[in-house]
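So this block is input16.json, JSON, N, CA and C atoms:
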[["chain", "number", "residue", "atom", "x", "y", "z"],
["T", 84, "MET", "N", 88.89, 64.04, 138.98],
["T", 84, "MET", "CA", 87.53, 64.41, 138.67],
["T", 84, "MET", "C", 87.42, 64.70, 137.17],
["T", 85, "ALA", "N", 86.47, 64.13, 136.52],
["T", 85, "ALA", "CA", 86.30, 64.29, 135.08],
["T", 85, "ALA", "C", 85.60, 65.61, 134.75],
["T", 86, "LYS", "N", 85.99, 66.18, 133.63],
["T", 86, "LYS", "CA", 85.36, 67.43, 133.20],
["T", 86, "LYS", "C", 84.01, 67.13, 132.56],
["T", 87, "LYS", "N", 83.10, 68.06, 132.71],
["T", 87, "LYS", "CA", 81.80, 67.91, 132.06],
["T", 87, "LYS", "C", 81.95, 68.25, 130.59],
["T", 88, "ALA", "N", 81.27, 67.51, 129.75],
["T", 88, "ALA", "CA", 81.29, 67.80, 128.32],
["T", 88, "ALA", "C", 80.37, 68.97, 128.03],
["T", 89, "ARG", "N", 80.82, 69.88, 127.20],
["T", 89, "ARG", "CA", 80.00, 71.03, 126.83],
["T", 89, "ARG", "C", 79.57, 70.85, 125.38],
["T", 90, "TYR", "N", 78.30, 70.86, 125.16],
["T", 90, "TYR", "CA", 77.77, 70.67, 123.82],
["T", 90, "TYR", "C", 77.24, 71.99, 123.27],
["T", 91, "GLN", "N", 77.32, 72.10, 121.96],
["T", 91, "GLN", "CA", 76.82, 73.31, 121.31],
["T", 91, "GLN", "C", 75.30, 73.32, 121.38],
["T", 92, "THR", "N", 74.76, 74.46, 121.73],
["T", 92, "THR", "CA", 73.32, 74.57, 121.80],
["T", 92, "THR", "C", 72.80, 75.27, 120.56],
["T", 93, "GLY", "N", 71.53, 75.16, 120.32],
["T", 93, "GLY", "CA", 70.94, 75.80, 119.14],
["T", 93, "GLY", "C", 71.06, 74.88, 117.93],
["T", 94, "GLY", "N", 70.70, 75.43, 116.79],
["T", 94, "GLY", "CA", 70.75, 74.63, 115.57],
["T", 94, "GLY", "C", 71.01, 75.49, 114.37],
["T", 95, "SER", "N", 71.10, 74.87, 113.22],
["T", 95, "SER", "CA", 71.31, 75.63, 111.99],
["T", 95, "SER", "C", 70.64, 74.89, 110.85],
["T", 96, "SER", "N", 70.40, 75.63, 109.78],
["T", 96, "SER", "CA", 69.78, 75.07, 108.60],
["T", 96, "SER", "C", 70.79, 75.15, 107.46],
["T", 97, "ARG", "N", 71.15, 74.00, 106.88],
["T", 97, "ARG", "CA", 72.12, 74.00, 105.79],
["T", 97, "ARG", "C", 71.60, 74.80, 104.59],
["T", 98, "ARG", "N", 70.34, 74.70, 104.32],
["T", 98, "ARG", "CA", 69.76, 75.41, 103.17],
["T", 98, "ARG", "C", 69.87, 76.93, 103.37],
["T", 99, "ARG", "N", 69.51, 77.39, 104.56],
["T", 99, "ARG", "CA", 69.57, 78.82, 104.86],
["T", 99, "ARG", "C", 71.02, 79.31, 104.90],
["T", 100, "ASP", "N", 71.91, 78.51, 105.52],
["T", 100, "ASP", "CA", 73.32, 78.89, 105.60],
["T", 100, "ASP", "C", 73.97, 78.93, 104.22],
["T", 101, "GLY", "N", 73.54, 78.04, 103.33],
["T", 101, "GLY", "CA", 74.11, 78.01, 101.99],
["T", 101, "GLY", "C", 73.76, 79.22, 101.16],
["T", 102, "LYS", "N", 72.64, 79.84, 101.45],
["T", 102, "LYS", "CA", 72.20, 81.02, 100.70],
["T", 102, "LYS", "C", 72.91, 82.28, 101.14],
["T", 103, "GLN", "N", 73.42, 82.29, 102.37],
["T", 103, "GLN", "CA", 74.09, 83.48, 102.89],
["T", 103, "GLN", "C", 75.52, 83.55, 102.39],
["T", 104, "LYS", "N", 75.97, 84.76, 102.08],
["T", 104, "LYS", "CA", 77.34, 84.97, 101.65],
["T", 104, "LYS", "C", 78.13, 85.46, 102.86],
["T", 105, "ALA", "N", 79.36, 84.94, 103.02],
["T", 105, "ALA", "CA", 80.18, 85.33, 104.17],
["T", 105, "ALA", "C", 80.67, 86.76, 104.00],
["T", 106, "LYS", "N", 80.90, 87.42, 105.10],
["T", 106, "LYS", "CA", 81.41, 88.79, 105.06],
["T", 106, "LYS", "C", 82.87, 88.78, 104.64],
["T", 107, "ALA", "N", 83.33, 89.91, 104.11],
["T", 107, "ALA", "CA", 84.73, 90.06, 103.74],
["T", 107, "ALA", "C", 85.58, 90.14, 104.99],
["T", 108, "PRO", "N", 86.86, 89.73, 104.93],
["T", 108, "PRO", "CA", 87.70, 89.85, 106.11],
["T", 108, "PRO", "C", 87.88, 91.31, 106.49],
["T", 109, "GLY", "N", 88.02, 91.59, 107.76],
["T", 109, "GLY", "CA", 88.20, 92.97, 108.21],
["T", 109, "GLY", "C", 87.63, 93.18, 109.59],
["T", 110, "LYS", "N", 87.27, 94.40, 109.89],
["T", 110, "LYS", "CA", 86.79, 94.74, 111.23],
["T", 110, "LYS", "C", 85.37, 94.24, 111.44],
["T", 111, "ARG", "N", 85.13, 93.72, 112.64],
["T", 111, "ARG", "CA", 83.80, 93.26, 113.04],
["T", 111, "ARG", "C", 83.49, 93.81, 114.42],
["T", 112, "LYS", "N", 82.22, 93.79, 114.75],
["T", 112, "LYS", "CA", 81.78, 94.23, 116.07],
["T", 112, "LYS", "C", 81.17, 93.02, 116.78],
["T", 113, "SER", "N", 81.68, 92.73, 117.97],
["T", 113, "SER", "CA", 81.20, 91.57, 118.71],
["T", 113, "SER", "C", 79.87, 91.90, 119.39],
["T", 114, "LYS", "N", 79.26, 90.87, 119.97],
["T", 114, "LYS", "CA", 77.99, 91.05, 120.66],
["T", 114, "LYS", "C", 78.11, 92.04, 121.82],
["T", 115, "SER", "N", 79.28, 92.02, 122.48],
["T", 115, "SER", "CA", 79.48, 92.92, 123.61],
["T", 115, "SER", "C", 79.84, 94.34, 123.17],
["T", 116, "GLY", "N", 80.03, 94.56, 121.86],
["T", 116, "GLY", "CA", 80.30, 95.89, 121.36],
["T", 116, "GLY", "C", 81.76, 96.17, 121.07],
["T", 117, "LYS", "N", 82.63, 95.20, 121.35],
["T", 117, "LYS", "CA", 84.06, 95.41, 121.09],
["T", 117, "LYS", "C", 84.36, 95.21, 119.61],
["T", 118, "ILE", "N", 85.33, 95.96, 119.10],
["T", 118, "ILE", "CA", 85.75, 95.85, 117.71],
["T", 118, "ILE", "C", 86.92, 94.87, 117.63],
["T", 119, "TYR", "N", 86.88, 93.97, 116.64],
["T", 119, "TYR", "CA", 88.00, 93.05, 116.42],
["T", 119, "TYR", "C", 88.17, 92.84, 114.92],
["T", 120, "ILE", "N", 89.31, 92.31, 114.55],
["T", 120, "ILE", "CA", 89.61, 92.07, 113.14],
["T", 120, "ILE", "C", 89.51, 90.58, 112.88],
["T", 121, "GLU", "N", 88.69, 90.21, 111.91],
["T", 121, "GLU", "CA", 88.51, 88.80, 111.54],
["T", 121, "GLU", "C", 89.49, 88.46, 110.43],
["T", 122, "ARG", "N", 90.36, 87.49, 110.72],
["T", 122, "ARG", "CA", 91.37, 87.10, 109.73],
["T", 122, "ARG", "C", 91.22, 85.65, 109.29],
["T", 123, "ARG", "N", 90.42, 84.87, 110.00],
["T", 123, "ARG", "CA", 90.35, 83.44, 109.70],
["T", 123, "ARG", "C", 89.79, 83.20, 108.31],
["T", 124, "ARG", "N", 90.44, 82.31, 107.57],
["T", 124, "ARG", "CA", 90.06, 82.05, 106.18],
["T", 124, "ARG", "C", 88.68, 81.39, 106.08],
["T", 125, "ASN", "N", 88.35, 80.55, 107.05],
["T", 125, "ASN", "CA", 87.08, 79.84, 106.96],
["T", 125, "ASN", "C", 85.89, 80.68, 107.43],
["T", 126, "ARG", "N", 86.14, 81.97, 107.74],
["T", 126, "ARG", "CA", 85.05, 82.84, 108.16],
["T", 126, "ARG", "C", 84.74, 83.91, 107.12],
["T", 127, "SER", "N", 85.32, 83.81, 105.94],
["T", 127, "SER", "CA", 85.10, 84.85, 104.93],
["T", 127, "SER", "C", 85.14, 84.26, 103.53],
["T", 128, "ASP", "N", 84.53, 84.94, 102.59],
["T", 128, "ASP", "CA", 84.63, 84.59, 101.18],
["T", 128, "ASP", "C", 85.75, 85.44, 100.60],
["T", 129, "MET", "N", 86.84, 84.80, 100.29],
["T", 129, "MET", "CA", 87.98, 85.53, 99.76],
["T", 129, "MET", "C", 88.17, 85.15, 98.29],
["T", 130, "PRO", "N", 87.98, 86.07, 97.36],
["T", 130, "PRO", "CA", 88.11, 85.73, 95.95],
["T", 130, "PRO", "C", 89.54, 85.42, 95.57],
["T", 131, "GLY", "N", 89.69, 84.59, 94.52],
["T", 131, "GLY", "CA", 91.02, 84.29, 94.02],
["T", 131, "GLY", "C", 91.79, 83.33, 94.89],
["T", 132, "THR", "N", 91.10, 82.51, 95.67],
["T", 132, "THR", "CA", 91.79, 81.57, 96.52],
["T", 132, "THR", "C", 91.31, 80.16, 96.21],
["T", 133, "LEU", "N", 92.06, 79.20, 96.64],
["T", 133, "LEU", "CA", 91.73, 77.80, 96.42],
["T", 133, "LEU", "C", 90.83, 77.33, 97.56],
["T", 134, "LEU", "N", 89.54, 77.32, 97.32],
["T", 134, "LEU", "CA", 88.55, 76.91, 98.31],
["T", 134, "LEU", "C", 88.72, 77.68, 99.62],
["T", 135, "GLY", "N", 89.00, 78.97, 99.51],
["T", 135, "GLY", "CA", 89.15, 79.80, 100.69],
["T", 135, "GLY", "C", 90.52, 79.78, 101.32],
["T", 136, "VAL", "N", 91.44, 78.97, 100.75],
["T", 136, "VAL", "CA", 92.79, 78.89, 101.30],
["T", 136, "VAL", "C", 93.78, 79.31, 100.22],
["T", 137, "PRO", "N", 94.58, 80.34, 100.46],
["T", 137, "PRO", "CA", 95.55, 80.76, 99.46],
["T", 137, "PRO", "C", 96.53, 79.64, 99.14],
["T", 138, "VAL", "N", 97.04, 79.65, 97.94],
["T", 138, "VAL", "CA", 97.99, 78.63, 97.51],
["T", 138, "VAL", "C", 99.30, 78.86, 98.25],
["T", 139, "LYS", "N", 99.75, 77.84, 98.95],
["T", 139, "LYS", "CA", 101.02, 77.94, 99.67],
["T", 139, "LYS", "C", 102.12, 77.47, 98.75],
["T", 140, "LEU", "N", 103.08, 78.33, 98.52],
["T", 140, "LEU", "CA", 104.20, 77.99, 97.67],
["T", 140, "LEU", "C", 105.35, 77.47, 98.54],
["T", 141, "VAL", "N", 106.09, 76.52, 97.96],
["T", 141, "VAL", "CA", 107.22, 75.94, 98.68],
["T", 141, "VAL", "C", 108.36, 76.95, 98.70],
["T", 142, "LYS", "N", 108.98, 77.10, 99.85],
["T", 142, "LYS", "CA", 110.08, 78.06, 99.98],
["T", 142, "LYS", "C", 111.38, 77.47, 99.45],
["T", 143, "TYR", "N", 112.23, 78.35, 98.96],
["T", 143, "TYR", "CA", 113.53, 77.93, 98.44],
["T", 143, "TYR", "C", 114.49, 77.66, 99.60],
["T", 144, "PRO", "N", 115.42, 76.72, 99.40],
["T", 144, "PRO", "CA", 116.42, 76.48, 100.45],
["T", 144, "PRO", "C", 117.45, 77.61, 100.48],
["T", 145, "LYS", "N", 118.22, 77.66, 101.55],
["T", 145, "LYS", "CA", 119.28, 78.68, 101.65],
["T", 145, "LYS", "C", 120.38, 78.35, 100.65],
["T", 146, "ARG", "N", 120.95, 79.41, 100.09],
["T", 146, "ARG", "CA", 122.06, 79.22, 99.15],
["T", 146, "ARG", "C", 123.29, 78.71, 99.89],
["T", 147, "PRO", "N", 124.08, 77.87, 99.20],
["T", 147, "PRO", "CA", 125.34, 77.45, 99.83],
["T", 147, "PRO", "C", 126.29, 78.64, 99.96],
["T", 148, "LYS", "N", 127.14, 78.58, 100.95],
["T", 148, "LYS", "CA", 128.09, 79.68, 101.19],
["T", 148, "LYS", "C", 129.14, 79.71, 100.10],
["T", 149, "ALA", "N", 129.81, 80.85, 100.00],
["T", 149, "ALA", "CA", 130.88, 81.00, 99.03],
["T", 149, "ALA", "C", 131.95, 79.96, 99.30],
["T", 150, "GLY", "N", 132.48, 79.39, 98.23],
["T", 150, "GLY", "CA", 133.52, 78.37, 98.37],
["T", 150, "GLY", "C", 132.94, 76.97, 98.53],
["T", 151, "ALA", "N", 131.63, 76.82, 98.28],
["T", 151, "ALA", "CA", 131.00, 75.50, 98.40],
["T", 151, "ALA", "C", 131.47, 74.60, 97.26],
["T", 152, "SER", "N", 131.41, 73.30, 97.48],
["T", 152, "SER", "CA", 131.86, 72.36, 96.45],
["T", 152, "SER", "C", 130.86, 72.31, 95.31],
["T", 153, "THR", "N", 131.32, 71.79, 94.19],
["T", 153, "THR", "CA", 130.47, 71.67, 93.00],
["T", 153, "THR", "C", 129.28, 70.77, 93.30],
["T", 154, "LEU", "N", 129.50, 69.72, 94.06],
["T", 154, "LEU", "CA", 128.42, 68.80, 94.41],
["T", 154, "LEU", "C", 127.32, 69.51, 95.20],
["T", 155, "GLN", "N", 127.72, 70.35, 96.14],
["T", 155, "GLN", "CA", 126.74, 71.11, 96.94],
["T", 155, "GLN", "C", 125.95, 72.07, 96.07],
["T", 156, "LEU", "N", 126.63, 72.72, 95.11],
["T", 156, "LEU", "CA", 125.94, 73.64, 94.20],
["T", 156, "LEU", "C", 124.96, 72.90, 93.30],
["T", 157, "GLU", "N", 125.35, 71.73, 92.82],
["T", 157, "GLU", "CA", 124.45, 70.93, 91.97],
["T", 157, "GLU", "C", 123.21, 70.50, 92.75],
["T", 158, "LYS", "N", 123.39, 70.06, 93.98],
["T", 158, "LYS", "CA", 122.25, 69.66, 94.82],
["T", 158, "LYS", "C", 121.30, 70.85, 95.03],
["T", 159, "TYR", "N", 121.87, 72.01, 95.29],
["T", 159, "TYR", "CA", 121.06, 73.22, 95.50],
["T", 159, "TYR", "C", 120.26, 73.55, 94.24],
["T", 160, "LEU", "N", 120.92, 73.55, 93.08],
["T", 160, "LEU", "CA", 120.23, 73.89, 91.83],
["T", 160, "LEU", "C", 119.15, 72.88, 91.48],
["T", 161, "ASN", "N", 119.41, 71.60, 91.74],
["T", 161, "ASN", "CA", 118.39, 70.57, 91.49],
["T", 161, "ASN", "C", 117.18, 70.78, 92.39],
["T", 162, "ARG", "N", 117.42, 71.13, 93.63],
["T", 162, "ARG", "CA", 116.31, 71.38, 94.57],
["T", 162, "ARG", "C", 115.49, 72.60, 94.15],
["T", 163, "VAL", "N", 116.19, 73.66, 93.69],
["T", 163, "VAL", "CA", 115.49, 74.86, 93.22],
["T", 163, "VAL", "C", 114.62, 74.54, 92.00],
["T", 164, "LYS", "N", 115.14, 73.74, 91.07],
["T", 164, "LYS", "CA", 114.36, 73.35, 89.89],
["T", 164, "LYS", "C", 113.11, 72.57, 90.29],
["T", 165, "ALA", "N", 113.28, 71.64, 91.24],
["T", 165, "ALA", "CA", 112.14, 70.84, 91.71],
["T", 165, "ALA", "C", 111.09, 71.74, 92.37],
["T", 166, "ILE", "N", 111.53, 72.71, 93.13],
["T", 166, "ILE", "CA", 110.60, 73.63, 93.79],
["T", 166, "ILE", "C", 109.87, 74.48, 92.75],
["T", 167, "ASP", "N", 110.57, 74.94, 91.72],
["T", 167, "ASP", "CA", 109.94, 75.71, 90.65],
["T", 167, "ASP", "C", 108.83, 74.91, 89.97],
["T", 168, "ILE", "N", 109.09, 73.66, 89.70],
["T", 168, "ILE", "CA", 108.08, 72.79, 89.07],
["T", 168, "ILE", "C", 106.88, 72.60, 90.00],
["T", 169, "GLU", "N", 107.14, 72.35, 91.28],
["T", 169, "GLU", "CA", 106.07, 72.15, 92.26],
["T", 169, "GLU", "C", 105.20, 73.41, 92.39],
["T", 170, "ASN", "N", 105.84, 74.57, 92.48],
["T", 170, "ASN", "CA", 105.09, 75.81, 92.63],
["T", 170, "ASN", "C", 104.25, 76.12, 91.40],
["T", 171, "SER", "N", 104.79, 75.87, 90.22],
["T", 171, "SER", "CA", 104.00, 76.14, 89.01],
["T", 171, "SER", "C", 102.81, 75.21, 88.91],
["T", 172, "SER", "N", 102.97, 73.93, 89.32],
["T", 172, "SER", "CA", 101.84, 73.01, 89.29],
["T", 172, "SER", "C", 100.77, 73.40, 90.31],
["T", 173, "ARG", "N", 101.19, 73.91, 91.46],
["T", 173, "ARG", "CA", 100.23, 74.36, 92.47],
["T", 173, "ARG", "C", 99.43, 75.56, 91.97],
["T", 174, "LYS", "N", 100.12, 76.49, 91.29],
["T", 174, "LYS", "CA", 99.43, 77.66, 90.75],
["T", 174, "LYS", "C", 98.43, 77.26, 89.67],
["T", 175, "GLU", "N", 98.83, 76.34, 88.79],
["T", 175, "GLU", "CA", 97.92, 75.87, 87.73],
["T", 175, "GLU", "C", 96.69, 75.21, 88.33],
["T", 176, "LEU", "N", 96.88, 74.36, 89.32],
["T", 176, "LEU", "CA", 95.75, 73.68, 89.96],
["T", 176, "LEU", "C", 94.81, 74.69, 90.61],
["T", 177, "ALA", "N", 95.38, 75.69, 91.26],
["T", 177, "ALA", "CA", 94.55, 76.71, 91.91],
["T", 177, "ALA", "C", 93.72, 77.49, 90.90],
["T", 178, "THR", "N", 94.32, 77.85, 89.76],
["T", 178, "THR", "CA", 93.56, 78.59, 88.75],
["T", 178, "THR", "C", 92.46, 77.73, 88.14],
["T", 179, "LYS", "N", 92.73, 76.45, 87.92],
["T", 179, "LYS", "CA", 91.71, 75.55, 87.37],
["T", 179, "LYS", "C", 90.52, 75.44, 88.32],
["T", 180, "ILE", "N", 90.81, 75.25, 89.60],
["T", 180, "ILE", "CA", 89.74, 75.07, 90.58],
["T", 180, "ILE", "C", 88.93, 76.35, 90.74],
["T", 181, "THR", "N", 89.61, 77.51, 90.77],
["T", 181, "THR", "CA", 88.86, 78.75, 90.91],
["T", 181, "THR", "C", 87.98, 79.02, 89.71],
["T", 182, "LYS", "N", 88.42, 78.62, 88.51],
["T", 182, "LYS", "CA", 87.58, 78.78, 87.31],
["T", 182, "LYS", "C", 86.33, 77.91, 87.41],
["T", 183, "VAL", "N", 86.50, 76.67, 87.90],
["T", 183, "VAL", "CA", 85.36, 75.77, 88.05],
["T", 183, "VAL", "C", 84.39, 76.31, 89.08],
["T", 184, "ILE", "N", 84.92, 76.83, 90.17],
["T", 184, "ILE", "CA", 84.07, 77.37, 91.23],
["T", 184, "ILE", "C", 83.30, 78.58, 90.73],
["T", 185, "LYS", "N", 83.95, 79.45, 89.97],
["T", 185, "LYS", "CA", 83.30, 80.67, 89.45],
["T", 185, "LYS", "C", 82.17, 80.33, 88.48],
["T", 186, "LYS", "N", 82.33, 79.24, 87.72],
["T", 186, "LYS", "CA", 81.28, 78.85, 86.76],
["T", 186, "LYS", "C", 80.00, 78.45, 87.46],
["T", 187, "LYS", "N", 80.13, 77.87, 88.66],
["T", 187, "LYS", "CA", 78.97, 77.41, 89.42],
["T", 187, "LYS", "C", 78.31, 78.60, 90.00]]

Can you present the structure in this file as structure tokens?
Amino acid sequence: MAKKARYQTGGSSRRRDGKQKAKAPGKRKSKSGKIYIERRRNRSDMPGTLLGVPVKLVKYPKRPKAGASTLQLEKYLNRVKAIDIENSSRKELATKITKVIKKK
């Protein structure tokens, strides 16, 4: 037996929605009166973020164990250098975009 499709009812106005500012993340009260904490990034205006999403930095790999070969150490150091470059470029891009967004 096939499930019935459920469609969203009601409507919205892009112009009206664009003028409203989203609430800050934190405690909210639902329609039924229960208190909950809103954490979703797309439900709040969070300053200092890249289009509402914090910059995700690449994690460093685990260090080789003591007594590792020189080749293993070189591979590890090369990977760490590559990650440092990637993270710095991500931070620069995020600051550029946030500056452009703030100007508007």

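For the pair CA of Ile120 (chain T) and CA of Ala107 (chain T), the interatomic distance is 10.8 Å.
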
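With CA of Val163 (chain T) on one side and CA of Pro144 (chain T) on the other, the separation reads 7.5 Å.
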
What's around Lys158 (chain T) at 12 Å? Count only C-alpha atoms, leave out sequence neighbours fewer than 5 positions away in its own chain, and write the answer as a VMD selection string.
chain T and resid 144 to 147 151 to 153 163 to 165

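Atom N of Leu140 (chain T) is found 15.5 Å from CA of Arg162 (chain T).
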
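Minimum distance to Tyr159 (chain T) across T:Ser171, T:Tyr143, T:Gln103, T:Gly116 (counting only C-alpha atoms) occurs at T:Tyr143.
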